[in-house]
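Below: work-v9.cif (mmCIF, C-alpha atoms and all ligand atoms)
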```
data_coords
#
loop_
_atom_site.label_atom_id
_atom_site.label_comp_id
_atom_site.auth_asym_id
_atom_site.auth_seq_id
_atom_site.Cartn_x
_atom_site.Cartn_y
_atom_site.Cartn_z
CA MET A 1 9.81 29.23 39.26
CA THR A 2 12.19 28.42 36.37
CA ALA A 3 14.54 31.13 35.10
CA THR A 4 13.44 30.89 31.46
CA THR A 5 10.07 29.98 30.04
CA SER A 6 9.47 28.02 26.84
CA LEU A 7 8.45 31.22 25.11
CA GLN A 8 11.73 32.91 26.03
CA THR A 9 13.61 30.19 24.16
CA ALA A 10 11.40 30.65 21.10
CA GLY A 11 12.70 29.89 17.62
CA ALA A 12 13.27 26.52 16.00
CA GLY A 13 14.78 25.25 19.28
CA TRP A 14 11.50 25.88 21.10
CA LEU A 15 10.21 22.50 19.97
CA GLY A 16 13.23 20.63 21.37
CA LEU A 17 13.54 18.49 18.24
CA GLU A 18 17.09 19.45 17.17
CA GLY A 19 19.34 16.48 16.59
CA ARG A 20 16.48 14.03 17.24
CA VAL A 21 16.11 11.12 14.82
CA CYS A 22 12.62 11.36 13.33
CA VAL A 23 11.13 8.70 11.06
CA VAL A 24 8.23 9.58 8.75
CA THR A 25 6.40 6.88 6.79
CA GLY A 26 4.70 7.69 3.50
CA ALA A 27 7.18 10.55 3.15
CA ALA A 28 7.07 10.50 -0.66
CA GLY A 29 3.48 11.70 -0.38
CA GLY A 30 1.95 15.13 0.13
CA ILE A 31 1.53 15.25 3.92
CA GLY A 32 4.48 12.98 4.80
CA GLY A 33 6.87 15.01 2.64
CA GLU A 34 5.81 18.24 4.32
CA ILE A 35 6.15 16.70 7.80
CA ALA A 36 9.70 15.61 6.93
CA ARG A 37 10.54 19.07 5.56
CA GLU A 38 9.21 20.83 8.68
CA LEU A 39 11.05 18.43 11.01
CA ALA A 40 14.30 19.08 9.14
CA ALA A 41 13.67 22.83 9.35
CA VAL A 42 13.72 22.66 13.15
CA GLY A 43 16.99 20.71 13.18
CA ALA A 44 15.81 17.10 13.36
CA LYS A 45 17.61 14.28 11.52
CA VAL A 46 14.93 12.87 9.27
CA ALA A 47 14.42 9.45 7.68
CA LEU A 48 11.85 9.49 4.87
CA LEU A 49 10.36 6.00 4.48
CA ASP A 50 8.14 4.99 1.59
CA ARG A 51 7.56 2.01 -0.64
CA ASP A 52 8.15 4.59 -3.40
CA GLU A 53 11.91 4.64 -2.85
CA LYS A 54 12.58 7.00 -5.76
CA GLY A 55 10.10 9.56 -4.40
CA ALA A 56 11.42 9.32 -0.83
CA THR A 57 15.04 9.62 -1.97
CA ALA A 58 14.27 12.63 -4.18
CA PHE A 59 12.43 14.41 -1.33
CA ALA A 60 15.31 13.60 1.06
CA ALA A 61 17.88 14.96 -1.40
CA ASP A 62 15.85 18.16 -1.75
CA ILE A 63 15.69 18.58 2.05
CA ALA A 64 19.40 17.73 2.45
CA ALA A 65 20.26 20.41 -0.13
CA SER A 66 19.27 23.04 2.45
CA GLY A 67 21.90 21.65 4.85
CA ALA A 68 19.66 19.35 6.89
CA GLN A 69 20.35 15.68 7.57
CA ALA A 70 17.79 13.63 5.64
CA ILE A 71 17.79 10.16 4.07
CA GLY A 72 15.29 8.35 1.87
CA VAL A 73 14.75 4.69 2.77
CA HIS A 74 12.72 2.02 0.98
CA CYS A 75 10.08 0.54 3.26
CA ASP A 76 6.86 -1.36 2.67
CA ILE A 77 5.10 -0.95 6.01
CA THR A 78 3.02 -4.10 5.41
CA ASP A 79 6.14 -6.28 5.35
CA GLU A 80 7.86 -7.12 8.64
CA ALA A 81 11.24 -7.79 7.02
CA SER A 82 11.09 -4.51 5.09
CA VAL A 83 10.29 -2.49 8.24
CA ALA A 84 13.08 -4.25 10.16
CA ALA A 85 15.58 -3.54 7.34
CA ALA A 86 14.51 0.12 7.20
CA ALA A 87 14.92 0.45 10.98
CA GLU A 88 18.42 -0.98 10.75
CA THR A 89 19.32 1.48 7.99
CA VAL A 90 17.96 4.41 10.04
CA ALA A 91 19.85 3.36 13.19
CA GLY A 92 23.05 2.83 11.20
CA LYS A 93 22.93 6.13 9.29
CA LEU A 94 21.24 8.51 11.75
CA GLY A 95 21.02 6.74 15.13
CA PRO A 96 18.10 5.27 17.07
CA CYS A 97 14.66 6.67 16.41
CA SER A 98 13.15 9.04 18.95
CA VAL A 99 10.11 10.25 16.96
CA LEU A 100 7.97 8.08 14.67
CA VAL A 101 5.30 9.60 12.44
CA ASN A 102 3.00 6.86 11.16
CA ASN A 103 1.57 8.50 8.06
CA ALA A 104 1.66 6.12 5.05
CA ALA A 105 -1.80 5.05 3.99
CA ALA A 106 -3.97 4.17 1.02
CA ILE A 107 -7.65 4.57 0.11
CA TYR A 108 -9.98 2.76 -2.29
CA ALA A 109 -13.58 3.48 -3.21
CA GLY A 110 -16.15 0.78 -2.60
CA ALA A 111 -19.52 0.07 -1.00
CA LEU A 112 -19.49 -2.30 1.96
CA MET A 113 -21.97 -4.60 0.23
CA ASP A 114 -19.55 -5.10 -2.67
CA VAL A 115 -16.12 -4.92 -1.07
CA GLN A 116 -13.99 -8.03 -1.65
CA LEU A 117 -12.35 -9.46 1.44
CA ASP A 118 -8.86 -9.40 -0.10
CA LYS A 119 -9.23 -5.67 -0.93
CA TRP A 120 -10.50 -5.05 2.63
CA ASN A 121 -7.52 -6.93 4.09
CA GLN A 122 -5.04 -5.16 1.79
CA LEU A 123 -6.19 -1.78 3.04
CA LEU A 124 -6.06 -2.81 6.70
CA ALA A 125 -2.57 -4.23 6.09
CA VAL A 126 -1.33 -0.74 5.17
CA ASN A 127 -3.54 1.60 7.20
CA LEU A 128 -3.68 -0.36 10.46
CA ASN A 129 -1.26 -3.32 10.60
CA GLY A 130 1.51 -1.17 9.09
CA PHE A 131 1.01 1.39 11.88
CA LEU A 132 1.38 -1.37 14.49
CA LEU A 133 4.47 -2.88 12.82
CA CYS A 134 6.28 0.46 12.65
CA SER A 135 5.26 1.30 16.24
CA GLN A 136 6.74 -2.04 17.38
CA VAL A 137 9.99 -1.85 15.45
CA PHE A 138 10.77 1.85 16.02
CA GLY A 139 9.24 1.71 19.53
CA ARG A 140 11.88 -0.91 20.43
CA GLN A 141 14.60 1.55 19.36
CA MET A 142 13.03 4.21 21.59
CA ILE A 143 12.84 1.80 24.54
CA ALA A 144 16.48 0.73 24.08
CA ARG A 145 17.54 4.40 23.90
CA LYS A 146 16.04 4.94 27.38
CA GLU A 147 15.27 8.62 26.73
CA GLY A 148 11.59 8.39 25.94
CA GLY A 149 10.05 9.19 22.58
CA SER A 150 6.97 10.21 20.70
CA ILE A 151 4.75 8.46 18.17
CA VAL A 152 2.32 10.54 16.12
CA HIS A 153 -0.20 8.72 13.93
CA VAL A 154 -1.90 10.50 11.03
CA ALA A 155 -5.49 9.21 11.08
CA SER A 156 -8.53 11.08 9.78
CA ILE A 157 -11.81 12.62 10.85
CA SER A 158 -13.27 9.56 9.08
CA GLY A 159 -12.04 7.43 11.97
CA SER A 160 -14.59 9.19 14.18
CA VAL A 161 -17.38 9.91 11.67
CA PRO A 162 -18.33 7.29 9.05
CA GLN A 163 -17.04 8.04 5.56
CA PRO A 164 -19.25 5.90 3.33
CA TYR A 165 -18.25 4.13 0.10
CA SER A 166 -14.58 4.05 1.05
CA GLY A 167 -14.28 0.35 1.83
CA ALA A 168 -12.21 -0.27 4.96
CA TYR A 169 -10.80 3.29 5.18
CA SER A 170 -12.97 4.59 8.08
CA VAL A 171 -12.56 1.30 9.95
CA SER A 172 -8.77 1.45 9.54
CA LYS A 173 -8.60 5.01 10.87
CA ALA A 174 -10.87 4.18 13.82
CA GLY A 175 -8.50 1.31 14.55
CA VAL A 176 -5.50 3.65 14.45
CA LYS A 177 -7.15 5.90 17.04
CA MET A 178 -7.58 2.99 19.47
CA LEU A 179 -4.11 1.63 18.65
CA SER A 180 -2.67 5.01 19.60
CA ARG A 181 -4.55 5.10 22.91
CA LEU A 182 -3.35 1.59 23.74
CA LEU A 183 0.25 2.47 22.90
CA ALA A 184 -0.02 5.54 25.13
CA VAL A 185 -0.93 3.29 28.05
CA GLU A 186 1.44 0.40 27.33
CA LEU A 187 4.50 2.53 26.48
CA GLY A 188 3.97 5.14 29.20
CA GLU A 189 6.46 3.43 31.52
CA HIS A 190 9.16 4.05 28.86
CA ARG A 191 8.21 7.76 28.62
CA ILE A 192 7.00 7.17 25.07
CA ARG A 193 3.91 9.16 24.16
CA SER A 194 1.42 8.27 21.44
CA ASN A 195 -1.01 10.73 19.87
CA VAL A 196 -3.10 11.15 16.73
CA VAL A 197 -3.52 13.99 14.27
CA SER A 198 -6.79 13.75 12.38
CA PRO A 199 -7.05 15.82 9.20
CA ALA A 200 -10.32 16.28 7.32
CA MET A 201 -9.87 17.67 3.82
CA VAL A 202 -6.29 18.20 2.61
CA ARG A 203 -5.05 19.01 -0.88
CA THR A 204 -2.44 16.33 -1.66
CA PRO A 205 -1.78 13.84 -4.47
CA MET A 206 -4.16 11.45 -2.63
CA SER A 207 -7.04 13.91 -3.06
CA ALA A 208 -5.88 15.91 -6.11
CA GLY A 209 -8.52 14.47 -8.45
CA ILE A 210 -11.33 15.82 -6.28
CA TYR A 211 -10.08 19.41 -6.33
CA GLN A 212 -9.68 19.56 -10.11
CA ASN A 213 -13.43 20.13 -10.13
CA GLU A 214 -13.95 23.83 -9.23
CA ASP A 215 -17.57 23.27 -8.24
CA VAL A 216 -16.62 20.52 -5.76
CA LEU A 217 -13.84 22.73 -4.38
CA ARG A 218 -16.24 25.64 -3.76
CA ARG A 219 -18.89 23.39 -2.18
CA ARG A 220 -16.30 21.84 0.10
CA GLU A 221 -14.88 25.22 1.16
CA ALA A 222 -18.40 26.43 1.96
CA ILE A 223 -18.92 23.83 4.70
CA VAL A 224 -15.65 24.47 6.55
CA PRO A 225 -15.91 27.21 9.22
CA ALA A 226 -12.30 28.21 8.44
CA GLY A 227 -13.44 28.81 4.82
CA ARG A 228 -10.66 26.88 3.12
CA ILE A 229 -9.36 23.38 2.43
CA SER A 230 -6.21 22.62 4.40
CA GLY A 231 -2.77 22.04 2.92
CA PRO A 232 -0.03 19.62 4.07
CA ARG A 233 1.61 22.35 6.17
CA ASP A 234 -1.49 22.69 8.38
CA ILE A 235 -1.18 19.01 9.23
CA ALA A 236 2.62 19.02 9.54
CA GLU A 237 2.57 21.82 12.12
CA ALA A 238 0.17 19.89 14.34
CA VAL A 239 2.34 16.77 14.01
CA LEU A 240 5.47 18.71 14.99
CA PHE A 241 3.76 20.09 18.07
CA LEU A 242 2.67 16.64 19.27
CA ALA A 243 6.10 15.16 18.48
CA SER A 244 7.84 17.93 20.40
CA GLU A 245 8.83 18.58 23.98
CA ARG A 246 6.12 21.26 24.09
CA ALA A 247 3.56 18.43 24.16
CA SER A 248 5.42 16.38 26.76
CA TYR A 249 2.31 15.87 28.93
CA ILE A 250 -0.09 15.20 26.04
CA ASN A 251 -0.59 11.48 25.64
CA GLY A 252 -3.29 9.30 24.08
CA GLN A 253 -5.05 12.26 22.43
CA ASP A 254 -6.61 12.85 19.02
CA LEU A 255 -6.07 16.36 17.63
CA LEU A 256 -8.58 17.21 14.90
CA VAL A 257 -7.05 19.54 12.32
CA ASP A 258 -10.21 20.20 10.35
CA GLY A 259 -10.81 23.95 10.26
CA GLY A 260 -13.83 23.41 12.52
CA LEU A 261 -15.64 21.08 10.08
CA SER A 262 -16.51 18.60 12.83
CA GLN A 263 -18.24 21.39 14.79
CA ALA A 264 -20.48 22.45 11.89
CA PHE A 265 -22.85 19.47 11.89
CA LEU A 266 -25.81 21.26 13.51
CA SER A 267 -25.50 24.17 11.10
CA LEU A 268 -26.50 21.77 8.30
CA ILE A 269 -29.98 21.35 9.83
CA PRO A 270 -32.60 23.73 8.37
CA ARG A 271 -33.94 25.76 11.39
CA PRO A 272 -36.46 28.40 10.30
CA GLY A 273 -36.09 31.50 12.45
CA PHE A 274 -32.55 30.61 13.50
CA GLU A 275 -30.74 31.32 10.23
CA LYS A 276 -28.10 34.00 9.79
CA GLN A 277 -29.83 37.31 9.03
CA ASP A 278 -28.47 39.35 6.09
CA ALA A 279 -27.31 42.82 7.21
N1 LIG B 1 -5.33 13.94 1.70
C1 LIG B 1 -6.36 14.00 2.51
O1 LIG B 1 -7.38 14.68 2.23
C2 LIG B 1 -6.33 13.28 3.83
C3 LIG B 1 -7.40 13.46 4.72
C4 LIG B 1 -7.39 12.81 5.94
C5 LIG B 1 -6.34 11.99 6.29
N2 LIG B 1 -5.30 11.81 5.40
C6 LIG B 1 -4.22 10.91 5.83
O2 LIG B 1 -2.98 11.59 5.70
C7 LIG B 1 -1.94 10.64 5.45
C8 LIG B 1 -1.12 11.05 4.25
O3 LIG B 1 -1.97 11.15 3.14
P1 LIG B 1 -1.58 11.93 1.80
O4 LIG B 1 -2.78 12.66 1.39
O5 LIG B 1 -0.29 12.64 1.96
O6 LIG B 1 -1.41 10.68 0.82
P2 LIG B 1 -0.41 10.43 -0.41
O7 LIG B 1 -1.08 9.41 -1.26
O8 LIG B 1 0.05 11.71 -1.00
O9 LIG B 1 0.82 9.75 0.35
C9 LIG B 1 0.75 8.46 0.91
C10 LIG B 1 2.14 7.85 0.81
O10 LIG B 1 2.10 6.57 1.45
C11 LIG B 1 2.89 5.69 0.67
N3 LIG B 1 2.49 4.31 0.92
C12 LIG B 1 1.31 3.70 0.60
N4 LIG B 1 1.36 2.40 0.96
C13 LIG B 1 2.58 2.19 1.53
C14 LIG B 1 3.22 1.05 2.09
N5 LIG B 1 2.62 -0.16 2.11
N6 LIG B 1 4.45 1.20 2.61
C15 LIG B 1 5.09 2.40 2.57
N7 LIG B 1 4.54 3.50 2.03
C16 LIG B 1 3.30 3.39 1.51
C17 LIG B 1 2.63 6.09 -0.77
O11 LIG B 1 3.67 5.62 -1.63
C18 LIG B 1 2.59 7.60 -0.65
O12 LIG B 1 3.87 8.20 -0.86
C19 LIG B 1 -2.65 9.28 5.30
O13 LIG B 1 -2.58 8.58 6.52
C20 LIG B 1 -4.07 9.68 4.98
O14 LIG B 1 -4.99 8.66 5.31
C21 LIG B 1 -5.27 12.43 4.20
#
```

Will you turn the file into structure tokens for me?
Amino acid sequence: MTATTSLQTAGAGWLGLEGRVCVVTGAAGGIGGEIARELAAVGAKVALLDRDEKGATAFAADIAASGAQAIGVHCDITDEASVAAAAETVAGKLGPCSVLVNNAAAIYAGALMDVQLDKWNQLLAVNLNGFLLCSQVFGRQMIARKEGGSIVHVASISGSVPQPYSGAYSVSKAGVKMLSRLLAVELGEHRIRSNVVSPAMVRTPMSAGIYQNEDVLRRREAIVPAGRISGPRDIAEAVLFLASERASYINGQDLLVDGGLSQAFLSLIPRPGFEKQDA
């Protein structure tokens, strides 16, 4: 029996992320920014990568103002040279990466019958190829460091359940889930874990337009067992757990952070005699 348990060392240090170099892609966005902020709050050194350099740098400056170590770095995850340059900057300024959060993504509306192949390819270049590129480049830093590491990919419930009229989005997220499982197997010998966090509905700039409509907001809340739409912090906390030492034996998994939405499917079926009775 060990002298102290994880719970006895509770506090920010409980996660074991202090001083670790953590890279978050899409960190100028709603979820990525919150992940970076939460990582910094538990003592990690954080690199905020985004093709929106101004946004990433502003977020990093805001985080650094609270005394944490954070840098904003320009990176287009679809471009090999850009990812390699960003990795060099991170290693030079903070040290080799030990946690990568693949989060940057895009979405476009479009029916499959109408989607243009170049639009399809553009989305896969960000949402799937970009995840592979960053895993390769930052994974090499983890391997060279010889102390293991953790990759957390932000996918979506739509990678498991079809989300129609969203072009290649569902396909890209399904691909991310398999990419993560493959990385878990292939990088296991280096003690690098790979897991997925799958949000459902989150209020961020990506989805802001939807929630401006009060009626849509209420209808969406009504179908979530938890009774609310999630915020970036709900997703960030799950990412931190999977990135942390507290998840050191969790590998190749997909954690749905959906308020129970994915469990509510059968409750949508009209079943006379089996409905909730009013008191
Ligand atoms: N918002 C939701 O409801 C929701 C639901 C499920 C999953 N997700 C997933 O969560 C993640 C974050 O989404 P969000 O809502 O914070 O989105 P967001 O639009 O707020 O942020 C995405 C960020 O990615 C960056 N980005 C896009 N293409 C890039 C590229 N080629 N290189 C570098 N950066 C690039 C953007 O500049 C932006 O800052 C995504 O993977 C998304 O698919 C979001």

_8 Å from ligand LIG 1 (chain B) is the threshold here; counting only C-alpha atoms and all ligand atoms, which polymer residues fall inside it? Answer as a PyMOL selection string._
chain A and resi 25-33+49-52+55-56+74-79+102-107+125-127+130+153-158+169+173+198-207+232

*asked:* When you count only C-alpha atoms, which of these residues is closest to A:Gly95: A:Ile143, A:Ala68, A:Ala58, A:Ala47?
replied: A:Ala47

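For the residues A:Leu268, A:Phe131, A:Gln141, A:Ala12, ranking by smallest atom-to-atom distance to A:Glu88 using only C-alpha atoms places A:Gln141 first.
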
*Would you be able to write out as a PyMOL selection string which residues have an atom within 12 Å of (15.0, 0.1, 14.3) in the file's coordinates, counting all atoms listed in the file?*
chain A and resi 21-23+47+80-100+133-145

*Just how far from atom CA of A:Pro225 is atom CA of A:Leu266, in Å to one decimal?*
12.3 Å

_Nearest residue to A:Tyr108 out of A:Ser170, A:Asn213, A:Ser248, A:Ser230, using only C-alpha atoms?_
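For A:Tyr108, the nearest of the candidates is A:Ser170.
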
*In Å, with one decimal, what is the gap from atom CA of A:Leu112 to atom CA of A:Val176?*
19.7 Å

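Put simply, atom CA of A:Ala40 is 20.8 Å away from atom CA of A:Arg193.
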
*Could you tell me which of A:Asp215, A:Glu34, A:Ile269, A:Ala264 comes closest to A:Asp62 if we count only C-alpha atoms?*
A:Glu34

Check which residues of stretch 158-233 of chain A sit at most 12 Å from stretch 117-120 of chain A using only C-alpha atoms, and return one row each with the closest pair of atoms and their distance in Å to one decimal, ordered by chain and rising number, as a tab-separated table.
```
residue	atom	partner	partner_atom	distance
A:Ser166	CA	A:Trp120	CA	10.1
A:Gly167	CA	A:Trp120	CA	6.6
A:Ala168	CA	A:Trp120	CA	5.6
A:Tyr169	CA	A:Trp120	CA	8.7
A:Ser170	CA	A:Trp120	CA	11.3
A:Val171	CA	A:Trp120	CA	9.9
A:Ser172	CA	A:Trp120	CA	9.6
```
